[in-house]
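**Student:** Sharing entry_15.pdb, PDB, C-alpha atoms:
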```
MODEL        1
ATOM      1  CA  MET A 269      62.372 -30.186 -62.540  1.00  0.00           C
ATOM      2  CA  ASN A 270      60.414 -27.282 -63.693  1.00  0.00           C
ATOM      3  CA  SER A 271      57.274 -29.276 -63.547  1.00  0.00           C
ATOM      4  CA  ASN A 272      58.014 -30.339 -59.959  1.00  0.00           C
ATOM      5  CA  LEU A 273      58.691 -26.802 -58.992  1.00  0.00           C
ATOM      6  CA  ILE A 274      55.533 -25.654 -60.683  1.00  0.00           C
ATOM      7  CA  ASN A 275      53.547 -28.419 -58.972  1.00  0.00           C
ATOM      8  CA  THR A 276      55.062 -27.515 -55.636  1.00  0.00           C
ATOM      9  CA  GLN A 277      54.310 -23.863 -56.215  1.00  0.00           C
ATOM     10  CA  LEU A 278      50.773 -24.732 -57.336  1.00  0.00           C
ATOM     11  CA  GLN A 279      50.275 -26.859 -54.250  1.00  0.00           C
ATOM     12  CA  SER A 280      51.715 -24.093 -52.173  1.00  0.00           C
ATOM     13  CA  LEU A 281      49.408 -21.576 -53.815  1.00  0.00           C
ATOM     14  CA  GLU A 282      46.436 -23.908 -53.384  1.00  0.00           C
ATOM     15  CA  ARG A 283      47.318 -24.377 -49.722  1.00  0.00           C
ATOM     16  CA  LEU A 284      47.724 -20.609 -49.381  1.00  0.00           C
ATOM     17  CA  LYS A 285      44.341 -20.111 -51.019  1.00  0.00           C
ATOM     18  CA  GLN A 286      42.700 -22.607 -48.633  1.00  0.00           C
ATOM     19  CA  LYS A 287      44.400 -21.120 -45.589  1.00  0.00           C
ATOM     20  CA  THR A 288      43.501 -17.614 -46.748  1.00  0.00           C
ATOM     21  CA  GLN A 289      39.864 -18.665 -47.214  1.00  0.00           C
ATOM     22  CA  THR A 290      39.890 -20.290 -43.768  1.00  0.00           C
ATOM     23  CA  LEU A 291      41.420 -17.104 -42.346  1.00  0.00           C
ATOM     24  CA  ILE A 292      38.711 -15.018 -44.044  1.00  0.00           C
ATOM     25  CA  ASP A 293      36.013 -17.353 -42.658  1.00  0.00           C
ATOM     26  CA  VAL A 294      37.514 -17.298 -39.152  1.00  0.00           C
ATOM     27  CA  LYS A 295      37.901 -13.515 -39.346  1.00  0.00           C
ATOM     28  CA  SER A 296      34.265 -13.167 -40.471  1.00  0.00           C
ATOM     29  CA  THR A 297      33.111 -15.425 -37.623  1.00  0.00           C
ATOM     30  CA  LEU A 298      35.260 -13.476 -35.173  1.00  0.00           C
ATOM     31  CA  VAL A 299      33.825 -10.134 -36.351  1.00  0.00           C
ATOM     32  CA  THR A 300      30.266 -11.524 -36.103  1.00  0.00           C
ATOM     33  CA  LYS A 301      30.921 -12.917 -32.636  1.00  0.00           C
ATOM     34  CA  ASN A 302      32.445  -9.593 -31.539  1.00  0.00           C
ATOM     35  CA  GLU A 303      29.329  -7.779 -32.773  1.00  0.00           C
ATOM     36  CA  ILE A 304      27.154 -10.232 -30.841  1.00  0.00           C
ATOM     37  CA  LEU A 305      29.418  -9.774 -27.823  1.00  0.00           C
ATOM     38  CA  ASP A 306      28.977  -5.974 -28.047  1.00  0.00           C
ATOM     39  CA  GLN A 307      25.201  -6.402 -28.316  1.00  0.00           C
ATOM     40  CA  LYS A 308      25.170  -8.732 -25.301  1.00  0.00           C
ATOM     41  CA  LYS A 309      27.315  -6.269 -23.343  1.00  0.00           C
ATOM     42  CA  ALA A 310      24.901  -3.422 -24.158  1.00  0.00           C
ATOM     43  CA  LEU A 311      21.962  -5.638 -23.206  1.00  0.00           C
ATOM     44  CA  LEU A 312      23.698  -6.654 -19.986  1.00  0.00           C
ATOM     45  CA  GLU A 313      24.266  -2.986 -19.119  1.00  0.00           C
ATOM     46  CA  GLN A 314      20.585  -2.225 -19.795  1.00  0.00           C
ATOM     47  CA  VAL A 315      19.447  -5.152 -17.651  1.00  0.00           C
ATOM     48  CA  ASN A 316      21.865  -4.145 -14.908  1.00  0.00           C
ATOM     49  CA  SER A 317      20.625  -0.555 -15.032  1.00  0.00           C
ATOM     50  CA  GLU A 318      16.985  -1.705 -14.900  1.00  0.00           C
ATOM     51  CA  ARG A 319      17.768  -4.031 -11.974  1.00  0.00           C
ATOM     52  CA  GLN A 320      19.367  -1.138 -10.093  1.00  0.00           C
ATOM     53  CA  ARG A 321      16.342   1.071 -10.833  1.00  0.00           C
ATOM     54  CA  LEU A 322      13.994  -1.661  -9.610  1.00  0.00           C
ATOM     55  CA  ASN A 323      16.086  -2.166  -6.468  1.00  0.00           C
ATOM     56  CA  LYS A 324      15.850   1.568  -5.738  1.00  0.00           C
ATOM     57  CA  GLU A 325      12.088   1.452  -6.284  1.00  0.00           C
ATOM     58  CA  LYS A 326      11.856  -1.646  -4.065  1.00  0.00           C
ATOM     59  CA  LYS A 327      13.814   0.103  -1.307  1.00  0.00           C
ATOM     60  CA  LEU A 328      11.547   3.136  -1.583  1.00  0.00           C
ATOM     61  CA  LEU A 329       8.446   0.959  -1.370  1.00  0.00           C
ATOM     62  CA  LEU A 330       9.873  -1.016   1.550  1.00  0.00           C
ATOM     63  CA  ASP A 331      10.627   2.255   3.348  1.00  0.00           C
ATOM     64  CA  MET A 332       7.057   3.361   2.691  1.00  0.00           C
ATOM     65  CA  LEU A 333       5.717   0.037   3.987  1.00  0.00           C
ATOM     66  CA  GLN A 334       7.859   0.304   7.107  1.00  0.00           C
ATOM     67  CA  SER A 335       6.561   3.823   7.668  1.00  0.00           C
ATOM     68  CA  ILE A 336       2.988   2.607   7.223  1.00  0.00           C
ATOM     69  CA  GLN A 337       3.666  -0.259   9.636  1.00  0.00           C
ATOM     70  CA  ARG A 338       5.025   2.190  12.225  1.00  0.00           C
ATOM     71  CA  ASP A 339       1.885   4.308  11.744  1.00  0.00           C
ATOM     72  CA  LEU A 340      -0.287   1.205  12.139  1.00  0.00           C
ATOM     73  CA  ASP A 341       1.591   0.214  15.287  1.00  0.00           C
ATOM     74  CA  SER A 342       1.028   3.713  16.678  1.00  0.00           C
ATOM     75  CA  MET A 343      -2.660   3.510  15.783  1.00  0.00           C
ATOM     76  CA  VAL A 344      -2.978   0.128  17.512  1.00  0.00           C
ATOM     77  CA  GLU A 345      -1.388   1.574  20.650  1.00  0.00           C
ATOM     78  CA  ALA A 346      -3.655   4.633  20.507  1.00  0.00           C
ATOM     79  CA  GLU A 347      -6.667   2.375  19.925  1.00  0.00           C
ATOM     80  CA  LYS A 348      -5.744   0.225  22.939  1.00  0.00           C
ATOM     81  CA  ALA A 349      -5.296   3.307  25.114  1.00  0.00           C
ATOM     82  CA  LEU A 350      -8.609   4.794  23.944  1.00  0.00           C
ATOM     83  CA  ALA A 351     -10.407   1.471  24.435  1.00  0.00           C
ATOM     84  CA  LYS A 352      -9.069   1.269  27.989  1.00  0.00           C
ATOM     85  CA  GLU A 353     -10.088   4.885  28.676  1.00  0.00           C
ATOM     86  CA  TYR A 354     -13.521   4.160  27.198  1.00  0.00           C
ATOM     87  CA  GLU A 355     -13.999   1.032  29.330  1.00  0.00           C
ATOM     88  CA  ASP A 356     -12.836   2.850  32.472  1.00  0.00           C
ATOM     89  CA  LEU A 357     -15.148   5.776  31.766  1.00  0.00           C
ATOM     90  CA  GLU A 358     -18.056   3.440  30.982  1.00  0.00           C
ATOM     91  CA  ARG A 359     -17.529   1.638  34.304  1.00  0.00           C
ATOM     92  CA  ASN A 360     -17.397   4.983  36.126  1.00  0.00           C
ATOM     93  CA  VAL A 361     -20.536   6.242  34.363  1.00  0.00           C
ATOM     94  CA  ASN A 362     -22.436   3.051  35.206  1.00  0.00           C
ATOM     95  CA  LYS A 363     -21.216   3.154  38.791  1.00  0.00           C
ATOM     96  CA  TYR A 364     -22.192   6.830  39.096  1.00  0.00           C
ATOM     97  CA  ARG A 365     -25.610   6.136  37.554  1.00  0.00           C
ATOM     98  CA  ILE A 366     -26.279   3.194  39.883  1.00  0.00           C
ATOM     99  CA  GLU A 367     -24.841   4.728  43.055  1.00  0.00           C
ATOM    100  CA  GLN A 368     -25.778   8.408  42.619  1.00  0.00           C
ATOM    101  CA  TYR A 369     -28.324   9.113  39.903  1.00  0.00           C
ATOM    102  CA  GLU A 370     -30.852   6.271  40.282  1.00  0.00           C
ATOM    103  CA  PRO A 371     -31.252   6.512  44.087  1.00  0.00           C
ATOM    104  CA  LEU A 372     -31.572  10.304  43.838  1.00  0.00           C
ATOM    105  CA  GLN A 373     -34.043  10.093  40.949  1.00  0.00           C
ATOM    106  CA  ASP A 374     -36.124   7.512  42.843  1.00  0.00           C
ATOM    107  CA  GLU A 375     -36.163   9.824  45.857  1.00  0.00           C
ATOM    108  CA  VAL A 376     -37.112  12.884  43.766  1.00  0.00           C
ATOM    109  CA  ASN A 377     -39.832  10.937  41.910  1.00  0.00           C
ATOM    110  CA  GLU A 378     -41.249   9.649  45.203  1.00  0.00           C
ATOM    111  CA  ILE A 379     -41.475  13.218  46.534  1.00  0.00           C
ATOM    112  CA  ARG A 380     -43.001  14.421  43.221  1.00  0.00           C
ATOM    113  CA  VAL A 381     -45.652  11.645  43.258  1.00  0.00           C
ATOM    114  CA  LYS A 382     -46.526  12.445  46.906  1.00  0.00           C
ATOM    115  CA  SER A 383     -46.860  16.090  45.875  1.00  0.00           C
ATOM    116  CA  GLY A 384     -49.197  15.163  43.001  1.00  0.00           C
ATOM    117  CA  MET A 385     -46.628  15.782  40.264  1.00  0.00           C
ATOM    118  CA  MET A 386     -45.526  13.515  37.404  1.00  0.00           C
ATOM    119  CA  LYS A 387     -42.327  11.500  37.647  1.00  0.00           C
ATOM    120  CA  LEU A 388     -39.286  12.850  35.809  1.00  0.00           C
ATOM    121  CA  PRO A 389     -38.276  10.851  32.735  1.00  0.00           C
ATOM    122  CA  HIS A 390     -35.371   8.469  33.210  1.00  0.00           C
ATOM    123  CA  ILE A 391     -32.015   9.658  31.861  1.00  0.00           C
ATOM    124  CA  GLN A 392     -31.975   6.689  29.447  1.00  0.00           C
ATOM    125  CA  GLN A 393     -34.957   8.221  27.598  1.00  0.00           C
ATOM    126  CA  GLU A 394     -33.099  11.539  27.287  1.00  0.00           C
ATOM    127  CA  LEU A 395     -29.940   9.801  26.065  1.00  0.00           C
ATOM    128  CA  GLU A 396     -31.897   7.802  23.471  1.00  0.00           C
ATOM    129  CA  ALA A 397     -33.611  10.977  22.211  1.00  0.00           C
ATOM    130  CA  LYS A 398     -30.232  12.725  21.985  1.00  0.00           C
ATOM    131  CA  MET A 399     -28.727   9.764  20.077  1.00  0.00           C
ATOM    132  CA  ALA A 400     -31.703   9.721  17.684  1.00  0.00           C
ATOM    133  CA  LYS A 401     -31.108  13.439  16.985  1.00  0.00           C
ATOM    134  CA  VAL A 402     -27.387  12.841  16.341  1.00  0.00           C
ATOM    135  CA  LEU A 403     -28.175   9.965  13.966  1.00  0.00           C
ATOM    136  CA  GLU A 404     -30.791  12.056  12.143  1.00  0.00           C
ATOM    137  CA  ASP A 405     -28.311  14.943  11.739  1.00  0.00           C
ATOM    138  CA  ARG A 406     -25.690  12.512  10.429  1.00  0.00           C
ATOM    139  CA  ARG A 407     -28.188  11.030   7.949  1.00  0.00           C
ATOM    140  CA  MET A 408     -29.109  14.521   6.714  1.00  0.00           C
ATOM    141  CA  LYS A 409     -25.432  15.451   6.218  1.00  0.00           C
ATOM    142  CA  TRP A 410     -24.842  12.189   4.363  1.00  0.00           C
ATOM    143  CA  GLN A 411     -27.828  12.839   2.086  1.00  0.00           C
ATOM    144  CA  GLU A 412     -26.650  16.410   1.433  1.00  0.00           C
ATOM    145  CA  GLY A 413     -23.164  15.114   0.648  1.00  0.00           C
ATOM    146  CA  SER A 414     -24.373  12.466  -1.772  1.00  0.00           C
ATOM    147  CA  SER A 415     -26.846  14.820  -3.475  1.00  0.00           C
ATOM    148  CA  SER A 416     -24.148  17.477  -3.963  1.00  0.00           C
ATOM    149  CA  SER A 417     -21.699  14.893  -5.344  1.00  0.00           C
ATOM    150  CA  ASN A 418     -24.440  13.588  -7.661  1.00  0.00           C
ATOM    151  CA  SER A 419     -25.099  17.088  -8.977  1.00  0.00           C
ATOM    152  CA  ARG A 420     -21.341  17.586  -9.524  1.00  0.00           C
ATOM    153  CA  SER A 421     -21.026  14.317 -11.414  1.00  0.00           C
ATOM    154  CA  LYS A 422     -24.000  15.222 -13.658  1.00  0.00           C
ATOM    155  CA  ARG A 423     -22.253  18.398 -14.821  1.00  0.00           C
TER     156      ARG A 423
ENDMDL
END
```
Give the structure from this file in structure tokens form.
**Tutor:**
Amino acid sequence: MNSNLINTQLQSLERLKQKTQTLIDVKSTLVTKNEILDQKKALLEQVNSERQRLNKEKKLLLDMLQSIQRDLDSMVEAEKALAKEYEDLERNVNKYRIEQYEPLQDEVNEIRVKSGMMKLPHIQQELEAKMAKVLEDRRMKWQEGSSSSNSRSKR
């Protein structure tokens, strides 16, 4: 009987050893998986935090775009109003030139020619000379601006 008892105890000890080893392996796997779980949780928190930061940045940029769009809409309205004013004024100027200026200039020039004087230049010549002067002044300012920026960049 002793030998049976010893065999039973040996089997029991062997089974205990196997179960203990299995427990150690399972425990090791569980610890490893918990560490991985903690790492994933930390990573998830980082990703979540970054997503929230990006959403805030996106909202800021969308707000800026909406503000720019409102400004553009205002500019379009102002441009339309100015274009209408310009067209109205241009029509009035042309009407005034045709109905008032040209008949009066023709009359004055006729009297001047009869009196032996030279005709007055047409207003279009004066306007073209004035525009040429404005363009020349603008060109000079542009050249001064680019020469001063060139001298600054050479320093």
**Student:** Please report the interatomic distance between atom CA of A:Leu395 and atom CA of A:Ala346 in Å with one decimal.
**Tutor:** 27.4 Å
**Student:** Can you report as AutoDock Vina command-line options the centre and edge lengths in Å, to one decimal, of an axis-aligned box around the listed atoms of stretch 315-318 of chain A padded with 5 Å on each side?
**Tutor:**
```
--center_x 19.4 --center_y -2.9 --center_z -16.3 --size_x 14.9 --size_y 14.6 --size_z 12.8
```
**Student:** Using atom CA of A:Val299 and atom CA of A:Glu313 as the two end points, give the distance in Å to one decimal.
**Tutor:**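 According to the coordinates, atom CA of A:Val299 and atom CA of A:Glu313 are separated by 21.0 Å.
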**Student:** Work out how far atom CA of A:Met399 is from atom CA of A:Val361, in Å to one decimal.
**Tutor:**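 Separating atom CA of A:Val361 from atom CA of A:Met399 is a distance of 16.8 Å.
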**Student:** Write out as a list of chain:residue names each polymer residue whose atoms come within 9 Å of stretch 364-373 of chain A, counting only C-alpha atoms; drop sequence neighbours fewer than 3 positions from it.
**Tutor:**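 After dropping sequence-adjacent residues, the list is A:Arg359, A:Asn360, A:Val361, A:Val376, A:Asn377, A:Glu378, A:Leu388, A:His390, A:Ile391.
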**Student:** With N, CA and C atoms as the goal, would you fill in the gaps in stretch 358-385 of chain A and present it as a tab-separated table (two decimals), in the coordinates of the input?
**Tutor:**
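Just written: selection.tsv:
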```tsv
chain	number	residue	atom	x	y	z
A	358	GLU	N	-16.75	4.11	30.99
A	358	GLU	CA	-18.06	3.44	30.98
A	358	GLU	C	-18.35	2.83	32.35
A	359	ARG	N	-17.35	2.20	32.96
A	359	ARG	CA	-17.53	1.64	34.30
A	359	ARG	C	-17.87	2.75	35.30
A	360	ASN	N	-17.14	3.87	35.21
A	360	ASN	CA	-17.40	4.98	36.13
A	360	ASN	C	-18.79	5.57	35.93
A	361	VAL	N	-19.20	5.70	34.66
A	361	VAL	CA	-20.54	6.24	34.36
A	361	VAL	C	-21.61	5.32	34.93
A	362	ASN	N	-21.45	4.01	34.68
A	362	ASN	CA	-22.44	3.05	35.21
A	362	ASN	C	-22.47	3.06	36.73
A	363	LYS	N	-21.29	3.11	37.33
A	363	LYS	CA	-21.22	3.15	38.79
A	363	LYS	C	-21.89	4.42	39.31
A	364	TYR	N	-21.61	5.55	38.68
A	364	TYR	CA	-22.19	6.83	39.10
A	364	TYR	C	-23.71	6.80	38.93
A	365	ARG	N	-24.17	6.22	37.80
A	365	ARG	CA	-25.61	6.14	37.55
A	365	ARG	C	-26.28	5.28	38.62
A	366	ILE	N	-25.68	4.12	38.91
A	366	ILE	CA	-26.28	3.19	39.88
A	366	ILE	C	-26.21	3.74	41.31
A	367	GLU	N	-25.04	4.29	41.67
A	367	GLU	CA	-24.84	4.73	43.06
A	367	GLU	C	-25.39	6.12	43.35
A	368	GLN	N	-25.38	7.02	42.36
A	368	GLN	CA	-25.78	8.41	42.62
A	368	GLN	C	-27.12	8.77	41.98
A	369	TYR	N	-27.17	8.60	40.65
A	369	TYR	CA	-28.32	9.11	39.90
A	369	TYR	C	-29.61	8.37	40.24
A	370	GLU	N	-29.61	7.03	40.11
A	370	GLU	CA	-30.85	6.27	40.28
A	370	GLU	C	-31.45	6.41	41.68
A	371	PRO	N	-30.64	6.31	42.76
A	371	PRO	CA	-31.25	6.51	44.09
A	371	PRO	C	-31.83	7.93	44.24
A	372	LEU	N	-31.10	8.92	43.72
A	372	LEU	CA	-31.57	10.30	43.84
A	372	LEU	C	-32.82	10.52	42.99
A	373	GLN	N	-32.86	9.95	41.79
A	373	GLN	CA	-34.04	10.09	40.95
A	373	GLN	C	-35.25	9.40	41.60
A	374	ASP	N	-35.03	8.21	42.16
A	374	ASP	CA	-36.12	7.51	42.84
A	374	ASP	C	-36.66	8.37	43.98
A	375	GLU	N	-35.76	8.97	44.73
A	375	GLU	CA	-36.16	9.82	45.86
A	375	GLU	C	-36.95	11.04	45.37
A	376	VAL	N	-36.44	11.70	44.32
A	376	VAL	CA	-37.11	12.88	43.77
A	376	VAL	C	-38.48	12.48	43.21
A	377	ASN	N	-38.56	11.38	42.48
A	377	ASN	CA	-39.83	10.94	41.91
A	377	ASN	C	-40.84	10.58	43.01
A	378	GLU	N	-40.37	9.98	44.08
A	378	GLU	CA	-41.25	9.65	45.20
A	378	GLU	C	-41.85	10.92	45.80
A	379	ILE	N	-41.00	11.93	45.99
A	379	ILE	CA	-41.48	13.22	46.53
A	379	ILE	C	-42.44	13.86	45.55
A	380	ARG	N	-42.14	13.81	44.25
A	380	ARG	CA	-43.00	14.42	43.22
A	380	ARG	C	-44.37	13.73	43.21
A	381	VAL	N	-44.38	12.38	43.27
A	381	VAL	CA	-45.65	11.64	43.26
A	381	VAL	C	-46.48	12.00	44.49
A	382	LYS	N	-45.82	12.07	45.67
A	382	LYS	CA	-46.53	12.44	46.91
A	382	LYS	C	-47.08	13.85	46.81
A	383	SER	N	-46.41	14.70	46.03
A	383	SER	CA	-46.86	16.09	45.88
A	383	SER	C	-47.85	16.23	44.72
A	384	GLY	N	-48.22	15.12	44.09
A	384	GLY	CA	-49.20	15.16	43.00
A	384	GLY	C	-48.59	15.54	41.65
A	385	MET	N	-47.30	15.45	41.53
A	385	MET	CA	-46.63	15.78	40.26
A	385	MET	C	-46.26	14.49	39.52
```
